[in-house]
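A short worksheet on the structure shown next.
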Amino acid sequence: MATENKTIGVGKLLTVTLSLQIIGEVCVWNAFLRLLPALVETFSDLAFSDIFLHLLTDNFMLLADEFALEDFCTSLFDGFFLTACSRKENVHIDMLRLLLHLHHKMALAKLESLLKALEPTKQSSEAVKDLYNQLSEKLERRKPSPAQVAETPSMERTLLTVPSPASL
């Protein structure tokens with residue numbers, strides 16, 4: 001029985017390691033996103049261990065341009081990170097760090113919905129609250145202020161009439 005547990009543990013570690021290798025290949029990110037839910041179901045706590053999570057978020061930072069895609073963000077955040085965010089503080093922290101690094105690449109609507117989902121509770125640590133406040137501030141700076149929206153010139157304005165030169 002002990003031999004089987006060691007073998008299963010090695011198998012889990014190998015699967016997680018290969019998952020990280022797949023991320024390294026930029027063109028294969030879609031395959032990895034399909035693998036994420038299986039990692040959550042099969043290896044639950046191993047998929048959210050500090051070592052794997054740090055390597056995962058570091059590798060995703062290399063795919064910064066992909067965060068502009070709605071499907072990519074939905075698969076990554078809704079299908080992986082948010083499944084454990086409420087019960088594991090390290091996931092909450094790593095997700096906030098990832099968003100702090102890549103917030104400028106993401107759609108504003110998706111970022112706002114993630115910010116609502118990541119709102120710290122009273123029991124959250126100071127680290128979570130601090131990261132959340134930093135992300136909130138960056139989001140506020142990114143939103144156009146109502147004054148800026150009102151000041152933008154309208155394309156529907158009529159041209160001023162200019163008198164034409166007198167004919168000779």
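Ligands are numbered from 1 in the order shown, residues from 1 within each chain, and chains are lettered A, B, ... in the order they appear in the structure tokens.
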**Item:** Who sits within 12 Å of Ala84 in chain A, only C-alpha atoms, same chain under 2 positions skipped, as a PyMOL selection string
**Value:** chain A and resi 37+40-41+44-49+53+77-82+86-95+117-118
**Message:** List as a count of residues only the protein and nucleic acid residues near range 120-137 of chain A, meaning an atom at most 6 Å away when only C-alpha atoms are counted, but skip any in the same chain fewer than 2 places from it.
**Reply:** 4
**Request:** Identify, on the basis of only C-alpha atoms, every residue whose closest approach to Leu111 in chain A does not exceed 12 Å; exclude the query and any residue fewer than 3 positions from it along the same chain; express the result as a VMD selection string.
**Result:** chain A and resid 67 to 68 70 73 to 74 77 95 to 96 98 to 100 102 to 108 114 to 118 135 to 136 138 to 140 142 to 143
Let me see the file: selected residues, N, CA, C and O atoms, as a short mmCIF file (atom, residue, chain, number, x, y, z; two decimals), in the first residue's frame.
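This went into part11.cif:
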data_model
loop_
_atom_site.label_atom_id
_atom_site.label_comp_id
_atom_site.auth_asym_id
_atom_site.auth_seq_id
_atom_site.Cartn_x
_atom_site.Cartn_y
_atom_site.Cartn_z
N PHE A 67 -4.35 37.55 -21.99
CA PHE A 67 -5.32 38.02 -20.99
C PHE A 67 -6.33 38.99 -21.57
O PHE A 67 -7.31 39.33 -20.93
N ALA A 68 -6.12 39.43 -22.80
CA ALA A 68 -7.10 40.27 -23.47
C ALA A 68 -8.27 39.44 -24.02
O ALA A 68 -9.32 39.98 -24.35
N GLU A 70 -11.36 36.97 -23.71
CA GLU A 70 -12.38 36.64 -22.71
C GLU A 70 -12.38 35.16 -22.37
O GLU A 70 -12.48 34.78 -21.21
N CYS A 73 -9.43 34.24 -20.05
CA CYS A 73 -9.64 34.70 -18.67
C CYS A 73 -10.72 33.88 -17.96
O CYS A 73 -10.56 33.53 -16.79
N THR A 74 -11.79 33.58 -18.66
CA THR A 74 -12.86 32.80 -18.05
C THR A 74 -12.36 31.41 -17.67
O THR A 74 -12.62 30.94 -16.56
N PHE A 77 -9.51 31.96 -14.69
CA PHE A 77 -9.97 32.48 -13.40
C PHE A 77 -11.20 31.73 -12.88
O PHE A 77 -11.21 31.27 -11.74
N MET A 95 -3.63 35.01 -7.05
CA MET A 95 -4.53 35.55 -8.07
C MET A 95 -4.50 37.08 -8.06
O MET A 95 -4.46 37.71 -9.12
N LEU A 96 -4.50 37.68 -6.89
CA LEU A 96 -4.40 39.14 -6.80
C LEU A 96 -3.07 39.64 -7.37
O LEU A 96 -3.05 40.65 -8.08
N LEU A 98 -1.26 38.18 -9.68
CA LEU A 98 -1.33 38.02 -11.13
C LEU A 98 -2.15 39.15 -11.76
O LEU A 98 -1.74 39.73 -12.77
N LEU A 99 -3.27 39.49 -11.14
CA LEU A 99 -4.10 40.58 -11.66
C LEU A 99 -3.40 41.93 -11.54
O LEU A 99 -3.54 42.78 -12.43
N LEU A 100 -2.65 42.13 -10.47
CA LEU A 100 -1.89 43.38 -10.33
C LEU A 100 -0.87 43.54 -11.46
O LEU A 100 -0.65 44.63 -11.97
N LEU A 102 -1.06 42.07 -14.50
CA LEU A 102 -1.63 42.01 -15.85
C LEU A 102 -2.94 42.76 -16.02
O LEU A 102 -3.60 42.62 -17.05
N HIS A 103 -3.33 43.56 -15.06
CA HIS A 103 -4.63 44.23 -15.12
C HIS A 103 -4.80 45.09 -16.36
O HIS A 103 -5.89 45.22 -16.91
N HIS A 104 -3.73 45.68 -16.84
CA HIS A 104 -3.81 46.57 -18.00
C HIS A 104 -4.07 45.83 -19.31
O HIS A 104 -4.48 46.43 -20.29
N LYS A 105 -3.90 44.53 -19.31
CA LYS A 105 -4.13 43.72 -20.51
C LYS A 105 -5.57 43.20 -20.58
O LYS A 105 -6.02 42.78 -21.64
N MET A 106 -6.26 43.21 -19.47
CA MET A 106 -7.58 42.58 -19.38
C MET A 106 -8.70 43.55 -19.69
O MET A 106 -8.55 44.76 -19.52
N ALA A 107 -9.83 42.99 -20.11
CA ALA A 107 -11.03 43.79 -20.34
C ALA A 107 -11.50 44.34 -18.99
O ALA A 107 -11.46 43.64 -17.98
N LEU A 108 -11.93 45.57 -19.00
CA LEU A 108 -12.34 46.25 -17.77
C LEU A 108 -13.52 45.54 -17.10
O LEU A 108 -13.54 45.39 -15.88
N LEU A 114 -14.05 40.17 -11.45
CA LEU A 114 -13.08 39.44 -10.62
C LEU A 114 -12.82 40.18 -9.31
O LEU A 114 -12.67 39.57 -8.26
N LEU A 115 -12.78 41.50 -9.38
CA LEU A 115 -12.56 42.29 -8.17
C LEU A 115 -13.69 42.07 -7.17
O LEU A 115 -13.44 41.94 -5.97
N LYS A 116 -14.92 41.98 -7.66
CA LYS A 116 -16.05 41.70 -6.77
C LYS A 116 -15.92 40.32 -6.13
O LYS A 116 -16.20 40.14 -4.95
N ALA A 117 -15.50 39.35 -6.93
CA ALA A 117 -15.35 37.98 -6.42
C ALA A 117 -14.19 37.86 -5.43
O ALA A 117 -14.21 36.99 -4.56
N LEU A 118 -13.21 38.73 -5.54
CA LEU A 118 -12.02 38.65 -4.69
C LEU A 118 -12.07 39.55 -3.46
O LEU A 118 -11.09 39.65 -2.73
N LEU A 135 -5.06 46.67 -6.10
CA LEU A 135 -5.75 46.37 -7.36
C LEU A 135 -6.95 47.30 -7.55
O LEU A 135 -7.19 47.78 -8.67
N SER A 136 -7.67 47.58 -6.49
CA SER A 136 -8.82 48.50 -6.58
C SER A 136 -8.38 49.88 -7.03
O SER A 136 -9.02 50.51 -7.87
N LYS A 138 -5.70 50.63 -8.79
CA LYS A 138 -5.29 50.58 -10.20
C LYS A 138 -6.51 50.54 -11.11
O LYS A 138 -6.52 51.14 -12.18
N LEU A 139 -7.54 49.84 -10.69
CA LEU A 139 -8.76 49.78 -11.48
C LEU A 139 -9.43 51.15 -11.54
O LEU A 139 -9.91 51.56 -12.60
N GLU A 140 -9.46 51.87 -10.42
CA GLU A 140 -10.05 53.21 -10.40
C GLU A 140 -9.30 54.17 -11.32
O GLU A 140 -9.90 54.99 -11.99
N ARG A 142 -7.76 53.37 -13.95
CA ARG A 142 -7.96 52.92 -15.33
C ARG A 142 -9.31 53.35 -15.88
O ARG A 142 -9.47 53.53 -17.10
N LYS A 143 -10.29 53.51 -15.01
CA LYS A 143 -11.62 53.92 -15.44
C LYS A 143 -11.59 55.39 -15.85
O LYS A 143 -10.97 56.21 -15.17
#
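One distance worth recording is that between CA of His101 in chain A and CA of Leu39 in chain A, which is 24.2 Å.
Of the listed residues A:Leu69, A:Met61, A:Leu76, A:Ile51, the one whose atoms come nearest to Ala31 in chain A is A:Leu76, with distances taken using only C-alpha atoms.
Distance annotation: of A:Asp71, A:Leu36, A:Arg97, A:Glu112, the residue with the minimal separation from His54 in chain A is A:Arg97; atom set is only C-alpha atoms.
Here CA of Cys85 in chain A stands at a distance of 14.3 Å from CA of Ser113 in chain A.
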